[in-house]
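Let me begin by presenting the structure, written as structure tokens, before commenting on it.
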Amino acid sequence: MPTLDDLLAAAVSGVKGSERPGQVSMAKAVANSIETGEHLLVQAGTGTGKSLAYLVPAVQHAIDVGKPAVVATATLALQAQIVDRDMPRVADSLAPLLGRRPTYAIVKGRRNYLCAHKLEGGFPDDEEGLFGVGDVDKQAGRLGQEVVRLREWAGDTESGDRDELVPGVSERAWRQVSVSAHECLGSKCPMVADCFVERSREAAKSVDVIVTNHSFMAIDAFEGRQMLPEHDVLVVDEAHELVDRVTATITDEVTPGMARIAAKRAGRQADSSETVDDAGTFLESVLDEIPEGRLTGIPDNLALALARLRDTTRQVQTELKPTPGQEVDGSRQVARAAIDELNENASRVLEERELDVVWVSKDPRRGSVLRVAPMSVAMLVRDKIFEERTVVLTSATLELGGTFDAVAGTIGLRGEGAPEWTGLDVGSPFDYPQQGIAYVAKHLPPPGRDGASPETMDEIEALVRAAGGRTLGLFSSMRAARAATDEMRERLTDLDGEVAVLCQGEDQISTLVRQFARDPRTCLFGTLSLWQGVDVPGSSCQLVIIDRIPFPRPDDPLASARSQAIARMGGNGFMAVSATHAALRLAQGAGRLIRRGDDRGVVAFLDSRMMSARYAGFLQRSLPPFWPTADRTLVLNALKRLDETAPPPLDVADPALRGLTGAVAGTTMGDAEVRGAVDATDTRPVATAPPAAPSSRTAVTQGHAWTDQEDEELRDGVALGLDVEELSESLELPVDVIAARLAGLGLEAGTGATLSFD
């Protein structure tokens with residue numbers, strides 16, 4: 001077999017790259033981790049080429065032992081990068097040395113695919129009856145048009161993968177053509193041979209590298225469904241997101257509305273279905289009397305209501321159980337899934353597990369919502385993820401405050417009985433002190449609860465004017481982002497050529513990012529997913545503004561529970577929870593500035609606490625080592641010079657369509673040659689693959705995609721305290737769709753050295 005050095009050199013040559021010391025160090029550390037079985041945490045800064053650094057040793061091991069390696073990412077963008085750009089080139093480059101072309105596949109959750117049986121009428125339509133709307137009148141509105149388009153696309157697509165339908169449809173329409181894992185009939189489905197999910201997973205069984213996401217990986221590990229093939233190596237990229245994704249995966253809720261829907265779906269199939277509806281009404285009367293916030297114990301009346309819900313659903317479960325030999329029925333399966341979920345969630349709350357946090361929230365649309373989530377997932381991750389395989393975790397932001405301890409503690413790698421692990425920081429090829437300035441506007445008043453001060457708006461205007469646009473504004477709330485957008489649109493109209501200000505929520509994130517990247521005289525303001533994952537190299541982004549330190553909300557149930565638990569053990573709850581959360585967000589946000597070796601710019605912090613607070617040093621040590629200053633004149637002059645000498649923006653690619661196994665149309669994940677290869681040196685921000693040939697059915701121009709990225713935005717929005725109305729406006733989706741997706745994700749919407757700044 002060729003050596004790791006030979007394979008890495010071939011892969012780097014195949015992507016037309018050059019050897020990077022950090023990449024070599026990381027690849028050798030990953031290979032050593034796989035060989036010894038010792039887990040690895042590796043921080044690899046932007047530009048290191050970390051994807052190749054773990055893909056090459058992963059491929060080498062998979063071919064050696066005949067088992068696949070699994071790569072789990074947090075964002076849709078990175079999944080697409082690996083499948084569309086990195087693996088095709090790695091496979092081509094390594095094939096001559098390995099004797100065959102390495103294979104790979106992408107695996108997603110069932111909800112991401114069309115259900116062939118549902119398309120044929122095997123399941124009841126959801127209560128909206130959208131198929132009827134679409135059939136009666138194609139012009140019946142956006143939803144009706146979406147359903148008609150979905151039916152047409154279903155006859156054209158090879159993969160059934162929702163991501164192929166760019167830009168996609170609303171969640172409400174997608175429900176008409178997909179089913180959840182619990183609703184699926186499995187092997188008893190009469191159309192199992194035509195199932196897009198089963199075909200894609202079957203194709204993944206014999207490949208060398210499987211690409212999936214954190215949530216899917218967590219469900220596979222925790223629930224034992226064996227959706228992923230047997231494997232002994234797991235690479236977790238974007239590992240700073242792992243805890244939040246795992247927590248969201250195992251968060252549950254109980255609402256009166258869930259009871260009404262479950263009872264309705266059980267309908268005539270269960271004589272006791274009305275008792276579930278009655279139990280939901282009783283639960284509603286109890287929850288409405290409980291104030292919003294965390295419950296440190298289950299009140300007697302709430303325990304009674306939950307017990308009634310548990311017992312009535314248990315009776316309906318018995319009635320819905322099919323008799324031996326009975327043909328599988330889609331409507332019965334959908335009813336069972338709804339009843340089972342309600343029974344399991346009510347039972348969980350009643351168990352009052354030691355680490356579970358229970359709280360009540362008041363939703364303007366859904367009423368009172370009872371939620372339960374684990375305060376910590378550390379032991380669960382230790383037992384279910386680290387126990388059975390060698391795990392490599394990597395990200396550009398794993399060291400917080402100069403140490404891996406904070407992240408390691410949240411995933412079970414500290415304390416008694418923790419498995420052996422190694423931490424490694426391979427640095428970054430970028431010269432941060434020469435390429436970027438970290439500016440703290442220490443003259444501004446501390447941020448308050450009433451929005452940005454007039455002085456802060458003046459500061460934003462001055463910075464944007466000096467930069468000539470080219471600004472990514474990262475705000476801690478959607479309300480603040482919209483206020484700044486409105487203000488700057490009024491103030492900047494006198495500029496020659498006028499600087500355009502885009503705001504998150506006015507279009508899809510990917511569309512806004514492409515527009516921002518293509519036009520240097522543009523600003524993009526927002527929150528949520530803009531803090532991480534936005535990759536705009538080149539001259540279009542030379543200023544990143546961060547309005548305030550992104551602490552979690554003081555009344556956040558999970559954050560407060562974690563802080564209190566740490567304090568009871570003698571620790572510093574604020575530093576362990578709030579400051580760590582803020583440090584991670586700041587590191588991710590500041591990392592948006594320098595994406596290539598020739599990028600230049602400024603990260604401007606409009607929160608004076610970055611210098612004055614006792615925790616300022618911890619936050620500063622978590623940032624890339626930019627050149628620090630508090631000199632406003634110096635920064636404005638620097639931005640003006642950068643604007644005057646800026647090169648043209650880089651080209652930006654449009655989205656591409658996919659085939660059955662997730663590959664870009666015109667390519668293959670198997671042993672055949674890749675056709676229509678993409679320039680591997682392309683570092684463009686969105687879809688890096690070339691646009692596929694247009695189709696009369698798939699080249700759609702309207703609708704709104706619900707993707708992993710949108711789920712990420714919901715999670716971030718909840719963490720930042722946005723309410724349902726704000727999330728609805730931000731994502732341009734109806735409130736009921738937002739509320740339903742939040743429910744599905746178990747989320748609750750809200751009512752180096754220390755830098756020295758002169």
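If you're wondering about the labels, chains in the structure tokens are A, B, ... by order shown, residues count from 1 in each chain, ligands from 1 in order shown.
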Q: Looking only at strand (DSSP E) from DSSP on the backbone, list the matching residues of stretch 429-663 of chain A as number ranges by chain.
A: A: 436-440, 471-474, 500-503, 522-526, 543-546, 601-605, 627-629
How about saving the chosen residues, N, CA and C atoms kept, as a PDB file, in the first residue's frame?
ATOM      1  N   GLY A 436      -5.759  41.139   8.903  1.00  0.00           N
ATOM      2  CA  GLY A 436      -6.981  41.643   9.505  1.00  0.00           C
ATOM      3  C   GLY A 436      -6.747  42.490  10.741  1.00  0.00           C
ATOM      4  N   ILE A 437      -7.677  43.396  10.985  1.00  0.00           N
ATOM      5  CA  ILE A 437      -7.671  44.260  12.165  1.00  0.00           C
ATOM      6  C   ILE A 437      -8.884  43.926  13.021  1.00  0.00           C
ATOM      7  N   ALA A 438      -8.660  43.767  14.322  1.00  0.00           N
ATOM      8  CA  ALA A 438      -9.761  43.628  15.280  1.00  0.00           C
ATOM      9  C   ALA A 438      -9.942  44.979  15.964  1.00  0.00           C
ATOM     10  N   TYR A 439     -11.079  45.595  15.721  1.00  0.00           N
ATOM     11  CA  TYR A 439     -11.341  46.947  16.221  1.00  0.00           C
ATOM     12  C   TYR A 439     -12.477  46.914  17.228  1.00  0.00           C
ATOM     13  N   VAL A 440     -12.237  47.458  18.405  1.00  0.00           N
ATOM     14  CA  VAL A 440     -13.282  47.614  19.409  1.00  0.00           C
ATOM     15  C   VAL A 440     -13.625  49.085  19.536  1.00  0.00           C
ATOM     16  N   THR A 471     -19.762  44.951   3.396  1.00  0.00           N
ATOM     17  CA  THR A 471     -19.938  44.747   4.834  1.00  0.00           C
ATOM     18  C   THR A 471     -20.896  43.611   5.144  1.00  0.00           C
ATOM     19  N   LEU A 472     -20.444  42.709   6.011  1.00  0.00           N
ATOM     20  CA  LEU A 472     -21.298  41.676   6.580  1.00  0.00           C
ATOM     21  C   LEU A 472     -21.605  42.084   8.014  1.00  0.00           C
ATOM     22  N   GLY A 473     -22.879  42.382   8.290  1.00  0.00           N
ATOM     23  CA  GLY A 473     -23.285  42.812   9.621  1.00  0.00           C
ATOM     24  C   GLY A 473     -23.903  41.661  10.386  1.00  0.00           C
ATOM     25  N   LEU A 474     -23.284  41.291  11.494  1.00  0.00           N
ATOM     26  CA  LEU A 474     -23.758  40.175  12.322  1.00  0.00           C
ATOM     27  C   LEU A 474     -24.377  40.735  13.587  1.00  0.00           C
ATOM     28  N   ALA A 500     -26.155  49.219  -1.570  1.00  0.00           N
ATOM     29  CA  ALA A 500     -27.352  48.422  -1.301  1.00  0.00           C
ATOM     30  C   ALA A 500     -27.197  47.719   0.041  1.00  0.00           C
ATOM     31  N   VAL A 501     -28.273  47.658   0.811  1.00  0.00           N
ATOM     32  CA  VAL A 501     -28.267  46.956   2.097  1.00  0.00           C
ATOM     33  C   VAL A 501     -29.292  45.832   2.035  1.00  0.00           C
ATOM     34  N   LEU A 502     -28.809  44.613   2.078  1.00  0.00           N
ATOM     35  CA  LEU A 502     -29.670  43.431   2.085  1.00  0.00           C
ATOM     36  C   LEU A 502     -29.884  42.989   3.520  1.00  0.00           C
ATOM     37  N   CYS A 503     -31.033  42.395   3.787  1.00  0.00           N
ATOM     38  CA  CYS A 503     -31.316  41.930   5.141  1.00  0.00           C
ATOM     39  C   CYS A 503     -31.823  40.493   5.105  1.00  0.00           C
ATOM     40  N   THR A 522     -22.338  46.418  -1.655  1.00  0.00           N
ATOM     41  CA  THR A 522     -23.493  45.815  -1.009  1.00  0.00           C
ATOM     42  C   THR A 522     -23.137  45.449   0.424  1.00  0.00           C
ATOM     43  N   CYS A 523     -24.111  45.589   1.312  1.00  0.00           N
ATOM     44  CA  CYS A 523     -23.998  45.109   2.688  1.00  0.00           C
ATOM     45  C   CYS A 523     -25.039  44.018   2.893  1.00  0.00           C
ATOM     46  N   LEU A 524     -24.715  43.054   3.730  1.00  0.00           N
ATOM     47  CA  LEU A 524     -25.656  42.007   4.106  1.00  0.00           C
ATOM     48  C   LEU A 524     -25.754  41.982   5.622  1.00  0.00           C
ATOM     49  N   PHE A 525     -26.925  42.299   6.150  1.00  0.00           N
ATOM     50  CA  PHE A 525     -27.159  42.333   7.593  1.00  0.00           C
ATOM     51  C   PHE A 525     -28.048  41.160   7.990  1.00  0.00           C
ATOM     52  N   GLY A 526     -27.792  40.604   9.143  1.00  0.00           N
ATOM     53  CA  GLY A 526     -28.646  39.525   9.616  1.00  0.00           C
ATOM     54  C   GLY A 526     -28.091  38.880  10.856  1.00  0.00           C
ATOM     55  N   LEU A 543     -15.312  44.056   5.597  1.00  0.00           N
ATOM     56  CA  LEU A 543     -15.690  44.556   6.915  1.00  0.00           C
ATOM     57  C   LEU A 543     -16.754  43.635   7.504  1.00  0.00           C
ATOM     58  N   VAL A 544     -16.492  43.140   8.705  1.00  0.00           N
ATOM     59  CA  VAL A 544     -17.474  42.374   9.465  1.00  0.00           C
ATOM     60  C   VAL A 544     -17.802  43.167  10.717  1.00  0.00           C
ATOM     61  N   ILE A 545     -19.089  43.487  10.899  1.00  0.00           N
ATOM     62  CA  ILE A 545     -19.541  44.235  12.074  1.00  0.00           C
ATOM     63  C   ILE A 545     -20.266  43.269  13.012  1.00  0.00           C
ATOM     64  N   ILE A 546     -19.880  43.277  14.286  1.00  0.00           N
ATOM     65  CA  ILE A 546     -20.548  42.486  15.323  1.00  0.00           C
ATOM     66  C   ILE A 546     -21.107  43.465  16.344  1.00  0.00           C
ATOM     67  N   GLY A 601      -9.054  42.977   5.709  1.00  0.00           N
ATOM     68  CA  GLY A 601     -10.238  43.643   6.214  1.00  0.00           C
ATOM     69  C   GLY A 601     -10.213  43.904   7.706  1.00  0.00           C
ATOM     70  N   VAL A 602     -11.396  44.262   8.226  1.00  0.00           N
ATOM     71  CA  VAL A 602     -11.570  44.669   9.618  1.00  0.00           C
ATOM     72  C   VAL A 602     -12.764  43.933  10.212  1.00  0.00           C
ATOM     73  N   VAL A 603     -12.604  43.443  11.445  1.00  0.00           N
ATOM     74  CA  VAL A 603     -13.728  42.988  12.256  1.00  0.00           C
ATOM     75  C   VAL A 603     -13.973  44.050  13.307  1.00  0.00           C
ATOM     76  N   ALA A 604     -15.146  44.652  13.291  1.00  0.00           N
ATOM     77  CA  ALA A 604     -15.471  45.756  14.199  1.00  0.00           C
ATOM     78  C   ALA A 604     -16.453  45.280  15.263  1.00  0.00           C
ATOM     79  N   PHE A 605     -16.044  45.351  16.533  1.00  0.00           N
ATOM     80  CA  PHE A 605     -16.892  44.998  17.661  1.00  0.00           C
ATOM     81  C   PHE A 605     -17.476  46.283  18.243  1.00  0.00           C
ATOM     82  N   TRP A 627      -4.684  41.917  14.254  1.00  0.00           N
ATOM     83  CA  TRP A 627      -3.983  43.058  14.856  1.00  0.00           C
ATOM     84  C   TRP A 627      -5.024  43.907  15.584  1.00  0.00           C
ATOM     85  N   PRO A 628      -4.870  44.101  16.902  1.00  0.00           N
ATOM     86  CA  PRO A 628      -5.925  44.758  17.679  1.00  0.00           C
ATOM     87  C   PRO A 628      -5.738  46.266  17.796  1.00  0.00           C
ATOM     88  N   THR A 629      -6.841  46.997  17.804  1.00  0.00           N
ATOM     89  CA  THR A 629      -6.782  48.442  18.008  1.00  0.00           C
ATOM     90  C   THR A 629      -8.149  48.964  18.453  1.00  0.00           C
TER      91      THR A 629
END
Q: List the neighbours of A:Ala408 out to 9 Å using only C-alpha atoms; skip same-chain residues closer than 3 positions along the sequence, and give me the result as JSON, numbers by chain.
A: {"A": [41, 378, 398, 404, 405, 411, 412, 413, 414]}
Could you save those same residues with all heavy atoms as a PDB file, in the first residue's frame?
ATOM      1  N   LEU A  41      -9.239  15.617  18.969  1.00  0.00           N
ATOM      2  CA  LEU A  41      -9.846  16.929  18.742  1.00  0.00           C
ATOM      3  C   LEU A  41      -8.801  17.771  18.033  1.00  0.00           C
ATOM      4  O   LEU A  41      -7.697  17.982  18.569  1.00  0.00           O
ATOM      5  CB  LEU A  41     -10.232  17.607  20.064  1.00  0.00           C
ATOM      6  CG  LEU A  41     -11.619  17.293  20.640  1.00  0.00           C
ATOM      7  CD1 LEU A  41     -11.703  15.827  21.036  1.00  0.00           C
ATOM      8  CD2 LEU A  41     -11.906  18.181  21.842  1.00  0.00           C
ATOM      9  N   ALA A 378     -23.329  15.093  27.686  1.00  0.00           N
ATOM     10  CA  ALA A 378     -21.939  14.643  27.747  1.00  0.00           C
ATOM     11  C   ALA A 378     -21.838  13.125  27.911  1.00  0.00           C
ATOM     12  O   ALA A 378     -21.118  12.450  27.160  1.00  0.00           O
ATOM     13  CB  ALA A 378     -21.205  15.357  28.881  1.00  0.00           C
ATOM     14  N   LEU A 398     -12.469  25.103  18.126  1.00  0.00           N
ATOM     15  CA  LEU A 398     -12.605  24.139  19.211  1.00  0.00           C
ATOM     16  C   LEU A 398     -11.887  24.607  20.469  1.00  0.00           C
ATOM     17  O   LEU A 398     -12.257  24.218  21.571  1.00  0.00           O
ATOM     18  CB  LEU A 398     -12.061  22.767  18.797  1.00  0.00           C
ATOM     19  CG  LEU A 398     -12.938  21.929  17.861  1.00  0.00           C
ATOM     20  CD1 LEU A 398     -12.286  20.583  17.589  1.00  0.00           C
ATOM     21  CD2 LEU A 398     -14.330  21.731  18.416  1.00  0.00           C
ATOM     22  N   PHE A 404      -8.832  23.371  24.958  1.00  0.00           N
ATOM     23  CA  PHE A 404      -9.887  22.475  24.482  1.00  0.00           C
ATOM     24  C   PHE A 404     -10.837  22.066  25.604  1.00  0.00           C
ATOM     25  O   PHE A 404     -11.832  21.378  25.353  1.00  0.00           O
ATOM     26  CB  PHE A 404      -9.281  21.193  23.886  1.00  0.00           C
ATOM     27  CG  PHE A 404      -8.597  21.381  22.565  1.00  0.00           C
ATOM     28  CD1 PHE A 404      -7.216  21.469  22.482  1.00  0.00           C
ATOM     29  CD2 PHE A 404      -9.332  21.458  21.394  1.00  0.00           C
ATOM     30  CE1 PHE A 404      -6.578  21.624  21.265  1.00  0.00           C
ATOM     31  CE2 PHE A 404      -8.707  21.618  20.163  1.00  0.00           C
ATOM     32  CZ  PHE A 404      -7.320  21.704  20.099  1.00  0.00           C
ATOM     33  N   ASP A 405     -10.548  22.430  26.832  1.00  0.00           N
ATOM     34  CA  ASP A 405     -11.275  21.893  27.985  1.00  0.00           C
ATOM     35  C   ASP A 405     -12.776  22.151  27.915  1.00  0.00           C
ATOM     36  O   ASP A 405     -13.584  21.282  28.262  1.00  0.00           O
ATOM     37  CB  ASP A 405     -10.704  22.475  29.280  1.00  0.00           C
ATOM     38  CG  ASP A 405      -9.337  21.905  29.611  1.00  0.00           C
ATOM     39  OD1 ASP A 405      -8.938  20.920  28.962  1.00  0.00           O
ATOM     40  OD2 ASP A 405      -8.668  22.458  30.506  1.00  0.00           O
ATOM     41  N   ILE A 411     -18.797  17.140  25.709  1.00  0.00           N
ATOM     42  CA  ILE A 411     -19.011  15.910  24.937  1.00  0.00           C
ATOM     43  C   ILE A 411     -18.500  14.681  25.675  1.00  0.00           C
ATOM     44  O   ILE A 411     -18.296  13.626  25.065  1.00  0.00           O
ATOM     45  CB  ILE A 411     -18.363  16.009  23.533  1.00  0.00           C
ATOM     46  CG1 ILE A 411     -16.878  16.363  23.639  1.00  0.00           C
ATOM     47  CG2 ILE A 411     -19.098  17.018  22.682  1.00  0.00           C
ATOM     48  CD1 ILE A 411     -16.158  16.383  22.297  1.00  0.00           C
ATOM     49  N   GLY A 412     -18.270  14.796  26.985  1.00  0.00           N
ATOM     50  CA  GLY A 412     -17.946  13.624  27.791  1.00  0.00           C
ATOM     51  C   GLY A 412     -16.501  13.209  27.795  1.00  0.00           C
ATOM     52  O   GLY A 412     -16.178  12.080  28.193  1.00  0.00           O
ATOM     53  N   LEU A 413     -15.611  14.085  27.385  1.00  0.00           N
ATOM     54  CA  LEU A 413     -14.189  13.729  27.329  1.00  0.00           C
ATOM     55  C   LEU A 413     -13.403  14.237  28.536  1.00  0.00           C
ATOM     56  O   LEU A 413     -12.173  14.246  28.513  1.00  0.00           O
ATOM     57  CB  LEU A 413     -13.563  14.270  26.031  1.00  0.00           C
ATOM     58  CG  LEU A 413     -14.068  13.622  24.743  1.00  0.00           C
ATOM     59  CD1 LEU A 413     -13.344  14.194  23.527  1.00  0.00           C
ATOM     60  CD2 LEU A 413     -13.905  12.100  24.786  1.00  0.00           C
ATOM     61  N   ARG A 414     -14.088  14.642  29.574  1.00  0.00           N
ATOM     62  CA  ARG A 414     -13.429  15.032  30.819  1.00  0.00           C
ATOM     63  C   ARG A 414     -14.101  14.332  31.986  1.00  0.00           C
ATOM     64  O   ARG A 414     -15.237  13.881  31.886  1.00  0.00           O
ATOM     65  CB  ARG A 414     -13.482  16.550  31.009  1.00  0.00           C
ATOM     66  CG  ARG A 414     -12.734  17.347  29.949  1.00  0.00           C
ATOM     67  CD  ARG A 414     -12.738  18.826  30.283  1.00  0.00           C
ATOM     68  NE  ARG A 414     -11.945  19.103  31.488  1.00  0.00           N
ATOM     69  CZ  ARG A 414     -11.972  20.265  32.141  1.00  0.00           C
ATOM     70  NH1 ARG A 414     -12.769  21.236  31.729  1.00  0.00           N
ATOM     71  NH2 ARG A 414     -11.216  20.446  33.200  1.00  0.00           N
TER      72      ARG A 414
END
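In this comparison, which uses only C-alpha atoms, the residue of A:Ala337, A:Pro557, A:Thr410, A:Leu304 approaching A:Gln317 most closely is A:Ala337.
The list of residues with at least one atom within 6 Å of stretch 25-31 of chain A, based on only C-alpha atoms and without residues fewer than 5 positions apart in the same chain, reads Ala53, Tyr54 and Pro57 of chain A.
Restricting the calculation to only C-alpha atoms, the smallest distance between A:Val652 and any of A:Asp519, A:Asp5, A:Glu506, A:Glu158 is found for A:Asp519.
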Residue neighbourhood A:Ser453, 12 Å, only C-alpha atoms, exclusion window fewer than 3 positions, as a compact mmCIF listing (two decimals) with all heavy atoms, in the first residue's frame:
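Final output, saved to result17.txt:
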# COMPACT_ATOMS: atom_id res chain seq x y z
N LEU A 444 -18.20 53.74 22.46
CA LEU A 444 -19.65 53.59 22.42
C LEU A 444 -20.21 53.20 23.79
O LEU A 444 -19.54 52.51 24.56
CB LEU A 444 -20.05 52.52 21.39
CG LEU A 444 -19.74 52.83 19.93
CD1 LEU A 444 -20.16 51.65 19.05
CD2 LEU A 444 -20.44 54.10 19.47
N PRO A 445 -21.43 53.61 24.09
CA PRO A 445 -22.05 53.19 25.36
C PRO A 445 -22.32 51.69 25.32
O PRO A 445 -22.53 51.11 24.24
CB PRO A 445 -23.36 53.99 25.40
CG PRO A 445 -23.67 54.30 23.97
CD PRO A 445 -22.33 54.48 23.30
N PRO A 446 -22.32 51.01 26.48
CA PRO A 446 -22.62 49.58 26.50
C PRO A 446 -23.99 49.32 25.89
O PRO A 446 -24.92 50.12 26.05
CB PRO A 446 -22.60 49.23 28.00
CG PRO A 446 -21.78 50.31 28.63
CD PRO A 446 -22.04 51.55 27.82
N PRO A 447 -24.15 48.23 25.17
CA PRO A 447 -25.45 47.94 24.54
C PRO A 447 -26.53 47.72 25.59
O PRO A 447 -26.29 47.12 26.64
CB PRO A 447 -25.18 46.66 23.74
CG PRO A 447 -23.97 46.05 24.37
CD PRO A 447 -23.16 47.18 24.89
N GLY A 448 -27.72 48.23 25.31
CA GLY A 448 -28.85 48.07 26.22
C GLY A 448 -29.94 47.22 25.62
O GLY A 448 -29.79 46.66 24.53
N ARG A 449 -31.06 47.14 26.32
CA ARG A 449 -32.18 46.32 25.86
C ARG A 449 -33.09 47.04 24.87
O ARG A 449 -33.95 46.43 24.26
CB ARG A 449 -33.01 45.88 27.06
CG ARG A 449 -32.26 44.96 28.02
CD ARG A 449 -33.19 44.49 29.14
NE ARG A 449 -32.51 43.56 30.04
CZ ARG A 449 -33.09 42.98 31.09
NH1 ARG A 449 -34.38 43.25 31.36
NH2 ARG A 449 -32.43 42.15 31.86
N ASP A 450 -32.90 48.33 24.73
CA ASP A 450 -33.82 49.12 23.90
C ASP A 450 -33.33 49.30 22.47
O ASP A 450 -33.75 50.21 21.77
CB ASP A 450 -34.04 50.50 24.54
CG ASP A 450 -34.67 50.40 25.92
OD1 ASP A 450 -35.45 49.44 26.12
OD2 ASP A 450 -34.38 51.24 26.78
N THR A 456 -24.28 54.20 18.12
CA THR A 456 -23.95 52.95 17.44
C THR A 456 -24.34 53.03 15.97
O THR A 456 -23.59 52.56 15.09
CB THR A 456 -24.67 51.77 18.12
OG1 THR A 456 -24.23 51.67 19.47
CG2 THR A 456 -24.40 50.47 17.40
N MET A 457 -25.48 53.61 15.66
CA MET A 457 -25.88 53.77 14.26
C MET A 457 -24.90 54.68 13.52
O MET A 457 -24.56 54.43 12.36
CB MET A 457 -27.30 54.34 14.18
CG MET A 457 -28.39 53.37 14.62
SD MET A 457 -28.47 51.92 13.52
CE MET A 457 -29.91 51.09 14.21
N ASP A 458 -24.42 55.72 14.19
CA ASP A 458 -23.42 56.60 13.58
C ASP A 458 -22.15 55.82 13.27
O ASP A 458 -21.52 56.02 12.22
CB ASP A 458 -23.09 57.77 14.51
CG ASP A 458 -24.25 58.75 14.67
OD1 ASP A 458 -25.16 58.74 13.82
OD2 ASP A 458 -24.24 59.52 15.65
N GLU A 459 -21.78 54.94 14.19
CA GLU A 459 -20.56 54.14 14.00
C GLU A 459 -20.72 53.19 12.82
O GLU A 459 -19.80 53.04 12.00
CB GLU A 459 -20.25 53.36 15.27
CG GLU A 459 -18.90 52.66 15.27
CD GLU A 459 -17.74 53.62 15.47
OE1 GLU A 459 -17.99 54.81 15.78
OE2 GLU A 459 -16.58 53.19 15.31
N ILE A 460 -21.88 52.54 12.70
CA ILE A 460 -22.11 51.64 11.58
C ILE A 460 -22.03 52.40 10.26
O ILE A 460 -21.41 51.95 9.29
CB ILE A 460 -23.48 50.93 11.72
CG1 ILE A 460 -23.48 50.02 12.95
CG2 ILE A 460 -23.81 50.14 10.46
CD1 ILE A 460 -24.83 49.40 13.24
N ALA A 480 -32.61 43.82 15.75
CA ALA A 480 -31.49 44.74 15.60
C ALA A 480 -31.01 44.79 14.16
O ALA A 480 -30.65 45.85 13.64
CB ALA A 480 -30.35 44.31 16.53
N ALA A 483 -33.49 46.90 12.18
CA ALA A 483 -33.37 48.32 12.52
C ALA A 483 -32.17 48.94 11.85
O ALA A 483 -32.24 50.05 11.30
CB ALA A 483 -33.29 48.48 14.04
N ALA A 484 -31.05 48.23 11.87
CA ALA A 484 -29.84 48.74 11.22
C ALA A 484 -30.02 48.82 9.71
O ALA A 484 -29.55 49.76 9.06
CB ALA A 484 -28.65 47.85 11.57
N GLU A 487 -32.19 51.88 8.92
CA GLU A 487 -31.44 53.12 9.18
C GLU A 487 -30.40 53.37 8.10
O GLU A 487 -30.25 54.48 7.59
CB GLU A 487 -30.78 53.03 10.56
CG GLU A 487 -30.14 54.32 11.04
CD GLU A 487 -31.15 55.33 11.54
OE1 GLU A 487 -32.31 54.95 11.77
OE2 GLU A 487 -30.76 56.51 11.70
N ASP A 547 -22.43 43.48 16.48
CA ASP A 547 -23.06 44.56 17.24
C ASP A 547 -22.89 44.41 18.75
O ASP A 547 -22.78 45.40 19.47
CB ASP A 547 -24.55 44.70 16.88
CG ASP A 547 -25.40 43.54 17.39
OD1 ASP A 547 -24.87 42.41 17.50
OD2 ASP A 547 -26.59 43.76 17.68
N LEU A 606 -18.80 46.39 18.23
CA LEU A 606 -19.44 47.61 18.70
C LEU A 606 -19.89 47.48 20.16
O LEU A 606 -20.79 48.19 20.60
CB LEU A 606 -20.65 47.93 17.81
CG LEU A 606 -20.37 47.97 16.30
CD1 LEU A 606 -21.61 48.44 15.54
CD2 LEU A 606 -19.17 48.84 15.98
N ASP A 607 -19.24 46.61 20.88
CA ASP A 607 -19.55 46.35 22.28
C ASP A 607 -18.29 46.61 23.11
O ASP A 607 -17.34 45.83 23.05
CB ASP A 607 -20.02 44.90 22.44
CG ASP A 607 -20.62 44.61 23.82
OD1 ASP A 607 -20.24 45.31 24.78
OD2 ASP A 607 -21.43 43.68 23.94
Q) as a PyMOL selection string, which residues of stretch 51-220 of chain A does DSSP assign to helix (DSSP H, G or I)? A) chain A and resi 51-65+76-98+110-112+116-119+130-136+142-154+162-164+171-174+186-188+192-194+196-204+214-220
Q: Would you mind listing what lies within 10 Å of A:Val360 as a VMD selection string, with only C-alpha atoms counted and same-chain residues fewer than 2 positions away left out?
A: chain A and resid 253 to 254 287 to 288 290 to 295 358 362 to 363 368 to 372 557 748
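Residues in contact range of stretch 386-396 of chain A, defined as at most 7 Å between only C-alpha atoms, with sequence neighbours fewer than 3 positions away removed, read A:Val30, A:Ile34, A:Gly37, A:Glu38, A:His39, A:Leu40, A:Leu41, A:Val42, A:Gln43, A:Ala44, A:Gly45, A:Thr46, A:Asp232, A:Val233, A:Leu234, A:Val235, A:Val236, A:Asp237, A:Glu238, A:Ala239, A:His240, A:Val381, A:Arg382, A:Asp383.
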Q | Selected residue, from A:Ser622, A:Ser612, A:Ser200, A:Gln333, that lies nearest to A:Lys442 when counting only C-alpha atoms | A | A:Ser612
Q. Hey, what's within 8 Å of A:Pro229 if we count only C-alpha atoms and toss same-chain stuff fewer than 6 positions away? As a ChimeraX atom specification, please?
A. /A:68,204-205
Output N, CA and C atoms of each residue in that selection to a file, as a compact mmCIF listing (two decimals), in the first residue's frame.
# COMPACT_ATOMS: atom_id res chain seq x y z
N PRO A 68 -16.66 1.18 5.83
CA PRO A 68 -16.71 2.60 5.48
C PRO A 68 -16.31 3.48 6.64
N ALA A 204 -25.32 3.00 -0.33
CA ALA A 204 -24.28 3.46 0.59
C ALA A 204 -23.61 2.32 1.35
N LYS A 205 -24.17 1.12 1.30
CA LYS A 205 -23.66 0.04 2.15
C LYS A 205 -22.24 -0.38 1.81
